[in-house]
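Let me begin by presenting the structure, written as structure tokens, before commenting on it.
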2 protein chains.
Amino acid sequence: MTNPTIKDVAKKAKVSIATVSLVIHNHKRIPQKTKAKVLAAIDAFNYYPSHSARGLVNRKSGNIGFVLTEDHFLRTEPFYTQIFIGTEFEAHANEFYVLLTTINPNFRSSDKLPRFILERNVDGLIIAGKVPLLFIKKINKFNIPTVFIDYLPPAKNSITVLPDSFKGGELATNHLIQYGHKEIAFIGGDIEHPSIIERFNGYKKALKDAGIKIDERMIDIEESYPGKSNGFSAAERLINKNKNITAIFTCNDAMAIGAMQYLKDRGIKIPDDCSIIGFDDVVSDNVIEPELSTIRIPKMEMGVEAMKLMADLLKKNLKESKKVLLPIELITRESTIRI
Amino acid sequence: MTNPTIKDVAKKAKVSIATVSLVIHNHKRIPQKTKAKVLAAIDAFNYYPSHSARGLVNRKSGNIGFVLTEDHFLRTEPFYTQIFIGTEFEAHANEFYVLLTTINPNFRSSDKLPRFILERNVDGLIIAGKVPLLFIKKINKFNIPTVFIDYLPPAKNSITVLPDSFKGGELATNHLIQYGHKEIAFIGGDIEHPSIIERFNGYKKALKDAGIKIDERMIDIEESYPGKSNGFSAAERLINKNKNITAIFTCNDAMAIGAMQYLKDRGIKIPDDCSIIGFDDVVSDNVIEPELSTIRIPKMEMGVEAMKLMADLLKKNLKESKKVLLPIELITRESTIRI
DNA sequence: GTGAAAGCGCTAACAT
DNA sequence: ATGTTAGCGCTTTCAC
């Protein structure tokens, strides 16, 4: 059977298409009898309103755009993937579709915007991870309701979902301190990223509270991407500078893995000679040896929360500024040990 | 400025909306002069045709639905994720949007179909991984062009993209044979899955070609899901039955990891006491010890290929039956060794 | 309570 | 070569 339309339903129910529409929208003052007739016809045809037709008249697409940079998209660790899954999940509950697109991490003003923005094919935008400021500026002109995940844009009036990185940094560092460590190094990257800064701040706060002096030589922060290979080289620099390190806190798991690689190559036993703790919890499923202690970020929940905020935002139940910090969790595995 | 429409453009260019439409569609016989006027107006407004309006009149949504089961979606290894990324990538090239949805792996006839099918909000369907037959049967009624990835449905006239599992099974087994192994075990799961069967067939073929007798006691195939824990228990059963195994070929990396775990726990050294090779190549990014030899499946390429087929299919350039086998590749790492 | 009718933005057949 | 017009399927006033 070809796609049934509202006309077919109306004819079958012997009412006008207006009545069918009213029934669909649960209008009051429709007598049970008419309603029943119409619903029966709808059922008989297995009728569903056309998405396009509805979108045209309502000036709503029913779609939410999910934006992240290409490099984030291509990462194999399930970080942004899990976030995406969360948004997708909550989108179903709210009858939205999610349209995903990537942008160039070096977005330039001559670059085209995502097609769904130009075509007005999204009602809202969820932006995950750090994106170029230029991009944000450019889309601002379109006035599309936007929710950020895992990135706090410099402009003040944003709605953002973040893991509690500061507390996470504190928690990780305190864990090491409680295990008796005093020579605790910090490895980080991309220090302009708000989350990384917070993790670093948490680290410093925990040391200070414990009366441990913050030592510049125990800190290695790359400007560039906090990935595996940078973790490797950071560990190399730190160890060469500083033989008495007994523990390392890395700003994420990827750097932790790189650092572990270096320590192993160098013959430094983990955790016996050196404890290490990461952040994110993206490697739990695999066989890493030793298994990595870390701070778990509620990735799916972040996606879910962002989509909930989006739903509120579109219902105008939300002011234009809000920062939601999601709780993190210490996961103790094998890579950290009491000294 | 509020969304510009074709009317605004027409007014500004002092032509009718029909002319604007013709220009947009690059109709022949439009003089350069008119064209230029119109294009200038389009540019001035930064006009893009509304997706909904176009969809309504063309009876096309511009969307492709991507379907997979919930359990596949939630797997943290980047297998289906990579496939999805591939489709997404190629979708951009073809000006499609991808709408993702999950279905219950135990889909029952009373279950609702994905909303985008009911709403006719997709022009085609890409189905990734094994899905319930009931589901396939049910969507067949909607007559939506469909491409399968990594699953060959029993019904004969399907368009499917698959890794060359048979060759992969052969390649993996031959690799072990060339390393001097003769006591080569096979671990598998979900034996009804076409890909798994093919890998197993490749294994048997390679053994036969090498004049090695196929020994039932060297084979452990679970009915259920080929995951880590089943890999663990399969290895346990095999080793207990059969002390002289020197190499194991598992039908995927997840089972390989489980098997490795068992061997380690049991004090069997990899690769010194026992070589092991997996399939899929989903763990390359992480620190596994030893690093796992495997057969690489071109995951992104499978997604790309599927979307290309979809584009052809929608252009009616494709018959309704086609099976594309994508080449696999042997990745030799540390877990396999010459005997 | 229900229907007629206008209109959302666009395409395409038909006029001119 | 360009304009007129009739829809595409739906929502929503406004009459009756």
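FYI, nothing fancy with the structure tokens labels: chains A, B, ... in order, residues from 1 per chain, ligands from 1 as they appear.
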Excluding DT13 (chain D) and its own-chain neighbours fewer than 4 positions away, which residues fall within 12 Å of it when counting only C-alpha atoms (C1' of nucleotides)? Please give them as a short mmCIF file (atom, residue, chain, number, x, y, z; two decimals) with N, CA and C atoms (P, O5', C5', C4', C3', O3' and C1' of nucleotides), in the first residue's frame.
```cif
data_model
loop_
_atom_site.label_atom_id
_atom_site.label_comp_id
_atom_site.auth_asym_id
_atom_site.auth_seq_id
_atom_site.Cartn_x
_atom_site.Cartn_y
_atom_site.Cartn_z
N ALA A 18 -9.58 18.12 9.02
CA ALA A 18 -9.39 18.94 10.21
C ALA A 18 -9.69 18.14 11.47
P DA C 4 -16.26 20.57 4.14
"O5'" DA C 4 -16.14 22.08 3.70
"C5'" DA C 4 -16.73 23.11 4.49
"C4'" DA C 4 -16.11 24.44 4.13
"C3'" DA C 4 -15.25 24.46 2.87
"O3'" DA C 4 -15.35 25.76 2.31
"C1'" DA C 4 -13.89 24.87 4.75
P DA C 5 -14.54 26.18 1.02
"O5'" DA C 5 -13.23 26.80 1.66
"C5'" DA C 5 -13.37 27.79 2.69
"C4'" DA C 5 -11.99 28.37 3.00
"C3'" DA C 5 -11.04 28.39 1.81
"O3'" DA C 5 -10.20 29.52 1.97
"C1'" DA C 5 -10.09 27.12 3.51
P DA C 6 -9.41 30.13 0.74
"O5'" DA C 6 -8.23 30.90 1.48
"C5'" DA C 6 -8.43 31.40 2.81
"C4'" DA C 6 -7.11 31.30 3.56
"C3'" DA C 6 -5.87 31.52 2.68
"O3'" DA C 6 -4.95 32.31 3.40
"C1'" DA C 6 -5.71 29.44 3.74
P DG C 7 -3.75 33.01 2.63
"O5'" DG C 7 -2.52 32.12 3.12
"C5'" DG C 7 -2.32 31.91 4.52
"C4'" DG C 7 -1.31 30.82 4.69
"C3'" DG C 7 -0.15 30.87 3.68
"O3'" DG C 7 1.05 30.65 4.37
"C1'" DG C 7 -1.05 28.73 3.76
#
```
Counting only C-alpha atoms (C1' of nucleotides), chain C residues within 7 Å of chain A, as JSON, numbers by chain
{"C": [1, 2, 3, 8]}
Would you mind exporting C-alpha atoms (C1' of nucleotides) of the selected residues as a PDB file, in the first residue's frame?
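So again-v9.pdb came out as:
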```
ATOM      1  C1'  DG C   1     -18.399  19.717  17.422  1.00  0.00           C
ATOM      2  C1'  DT C   2     -16.969  19.900  12.764  1.00  0.00           C
ATOM      3  C1'  DG C   3     -15.705  21.479   8.224  1.00  0.00           C
ATOM      4  C1'  DC C   8       3.757  26.619   5.235  1.00  0.00           C
TER       5       DC C   8
END
```
Return the neighbours of chain B among the residues of chain D, cut-off 9 Å, counting only C-alpha atoms (C1' of nucleotides), as a count of residues only.
6
Could the residues of chain B within 7 Å of chain A, counting only C-alpha atoms, be given as an NGL selection string, please?
:B and (48-53 or 55-56 or 76 or 78 or 97-99 or 118-121 or 257 or 287-289)
DSSP-assigned alpha helix (DSSP H) members of region 62-126 of chain A, reported as an NGL selection string:
:A and (70-74 or 80-93 or 115-118)
Length of the CA of Leu125 (chain A) to CA of Met310 (chain A) vector [Å]
8.2 Å
For Ala234 (chain A), work out the shell of residues within 9 Å, counting only C-alpha atoms (C1' of nucleotides) and skipping chain neighbours fewer than 5 positions away, then give it as a list of chain:residue names.
A:Ile187, A:Gly188, A:Asp220, A:Ile221, A:Glu222, A:Ser229, A:Ile239, A:Met255, A:Gly258, A:Ala259
Using N, CA and C atoms, can you write the selected residues to a file as a CSV table (one decimal), in the first residue's frame?
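In the end it all went to selection_25.csv:
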```
chain,number,residue,atom,x,y,z
A,187,ILE,N,50.6,15.0,34.4
A,187,ILE,CA,50.8,15.1,33.0
A,187,ILE,C,49.5,15.6,32.3
A,188,GLY,N,49.7,16.6,31.5
A,188,GLY,CA,48.5,17.1,30.9
A,188,GLY,C,48.8,17.6,29.4
A,220,ASP,N,54.1,18.4,33.7
A,220,ASP,CA,54.5,18.5,32.3
A,220,ASP,C,53.1,18.6,31.5
A,221,ILE,N,53.0,19.8,31.0
A,221,ILE,CA,51.8,20.1,30.3
A,221,ILE,C,52.1,20.5,28.9
A,222,GLU,N,51.7,19.7,27.9
A,222,GLU,CA,51.9,20.0,26.5
A,222,GLU,C,50.8,21.0,26.1
A,229,SER,N,50.7,9.5,22.4
A,229,SER,CA,52.2,9.7,22.1
A,229,SER,C,52.7,10.9,23.0
A,239,ILE,N,60.5,11.7,33.9
A,239,ILE,CA,61.4,10.7,34.6
A,239,ILE,C,62.9,11.1,34.4
A,255,MET,N,46.7,9.6,27.7
A,255,MET,CA,48.0,10.0,28.1
A,255,MET,C,48.6,9.0,29.1
A,258,GLY,N,50.0,6.1,27.2
A,258,GLY,CA,51.3,6.5,26.6
A,258,GLY,C,52.4,6.5,27.7
A,259,ALA,N,52.1,7.0,28.8
A,259,ALA,CA,53.0,7.1,29.9
A,259,ALA,C,53.4,5.7,30.4
```
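Coordinates place CA of Tyr179 (chain A) at a distance of 17.1 Å from CA of Lys204 (chain A).
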Could you tell me how far CA of Gly231 (chain B) sits from CA of Tyr262 (chain B), in Å to one decimal place?
8.5 Å
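The protein and nucleic acid residues lying at most 9 Å from DC14 (chain C) are C:DA12, D:DT4, D:DT5, with only C-alpha atoms (C1' of nucleotides) considered and sequence neighbours fewer than 2 positions away removed.
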Applying 8 Å and only C-alpha atoms (C1' of nucleotides), which residues near region 301-308 of chain B remain after dropping the ones on its own chain fewer than 2 positions away? List them as a ChimeraX atom specification.
/B:82-91,126,147-149,160-163,298-299,310-312,326
Got a sec: who's within 10 Å of region 104-111 of chain A, counting only C-alpha atoms (C1' of nucleotides), leaving out chain neighbours fewer than 3 positions off, as a PyMOL selection string?
chain A and resi 68-72+114+130-135+137-138
Residues just named, written with N, CA and C atoms as a JSON list (two decimals), in the first residue's frame:
```json
[["chain", "number", "residue", "atom", "x", "y", "z"],
["A", 68, "LEU", "N", 30.64, 17.71, 16.32],
["A", 68, "LEU", "CA", 31.95, 17.59, 16.96],
["A", 68, "LEU", "C", 33.04, 17.66, 15.90],
["A", 69, "THR", "N", 34.25, 17.86, 16.33],
["A", 69, "THR", "CA", 35.32, 17.99, 15.34],
["A", 69, "THR", "C", 35.70, 16.63, 14.79],
["A", 70, "GLU", "N", 36.24, 16.66, 13.58],
["A", 70, "GLU", "CA", 36.61, 15.41, 12.92],
["A", 70, "GLU", "C", 37.54, 14.55, 13.76],
["A", 71, "ASP", "N", 38.52, 15.17, 14.36],
["A", 71, "ASP", "CA", 39.47, 14.37, 15.12],
["A", 71, "ASP", "C", 38.81, 13.70, 16.33],
["A", 72, "HIS", "N", 37.88, 14.40, 16.94],
["A", 72, "HIS", "CA", 37.16, 13.77, 18.05],
["A", 72, "HIS", "C", 36.31, 12.61, 17.55],
["A", 114, "PRO", "N", 27.81, 23.47, 8.59],
["A", 114, "PRO", "CA", 27.11, 22.20, 8.37],
["A", 114, "PRO", "C", 25.81, 22.45, 7.61],
["A", 130, "LYS", "N", 35.64, 20.42, 22.49],
["A", 130, "LYS", "CA", 36.14, 21.73, 22.10],
["A", 130, "LYS", "C", 35.96, 21.96, 20.61],
["A", 131, "VAL", "N", 35.41, 23.08, 20.26],
["A", 131, "VAL", "CA", 35.28, 23.45, 18.85],
["A", 131, "VAL", "C", 35.85, 24.85, 18.66],
["A", 132, "PRO", "N", 36.22, 25.18, 17.43],
["A", 132, "PRO", "CA", 36.82, 26.49, 17.18],
["A", 132, "PRO", "C", 35.87, 27.64, 17.54],
["A", 133, "LEU", "N", 36.44, 28.67, 18.12],
["A", 133, "LEU", "CA", 35.64, 29.84, 18.48],
["A", 133, "LEU", "C", 34.96, 30.47, 17.28],
["A", 134, "LEU", "N", 35.69, 30.43, 16.19],
["A", 134, "LEU", "CA", 35.17, 31.00, 14.97],
["A", 134, "LEU", "C", 33.86, 30.33, 14.56],
["A", 135, "PHE", "N", 33.83, 29.05, 14.76],
["A", 135, "PHE", "CA", 32.63, 28.29, 14.44],
["A", 135, "PHE", "C", 31.46, 28.74, 15.32],
["A", 137, "LYS", "N", 31.07, 31.51, 16.84],
["A", 137, "LYS", "CA", 30.69, 32.87, 16.48],
["A", 137, "LYS", "C", 29.77, 32.84, 15.25],
["A", 138, "LYS", "N", 30.17, 32.01, 14.31],
["A", 138, "LYS", "CA", 29.43, 31.99, 13.05],
["A", 138, "LYS", "C", 28.01, 31.43, 13.22]]
```
Could you list, as a short mmCIF file (atom, residue, chain, number, x, y, z; two decimals) with C-alpha atoms, in the first residue's frame, every residue within 8 Å of Ile328 (chain B), counting only C-alpha atoms (C1' of nucleotides) and ignoring same-chain residues fewer than 4 positions away?
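Result file follows (result.cif):
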```cif
data_model
loop_
_atom_site.label_atom_id
_atom_site.label_comp_id
_atom_site.auth_asym_id
_atom_site.auth_seq_id
_atom_site.Cartn_x
_atom_site.Cartn_y
_atom_site.Cartn_z
CA PRO B 163 34.26 -8.58 5.11
CA ASP B 164 35.81 -11.51 3.34
CA SER B 165 35.52 -13.77 6.34
CA LYS B 167 39.64 -15.61 3.25
CA GLY B 168 40.26 -14.12 6.66
CA ILE B 295 42.71 -10.03 10.81
CA ARG B 296 41.82 -6.45 10.08
CA ILE B 297 38.37 -5.72 8.80
CA PRO B 298 38.04 -2.45 6.89
#
```
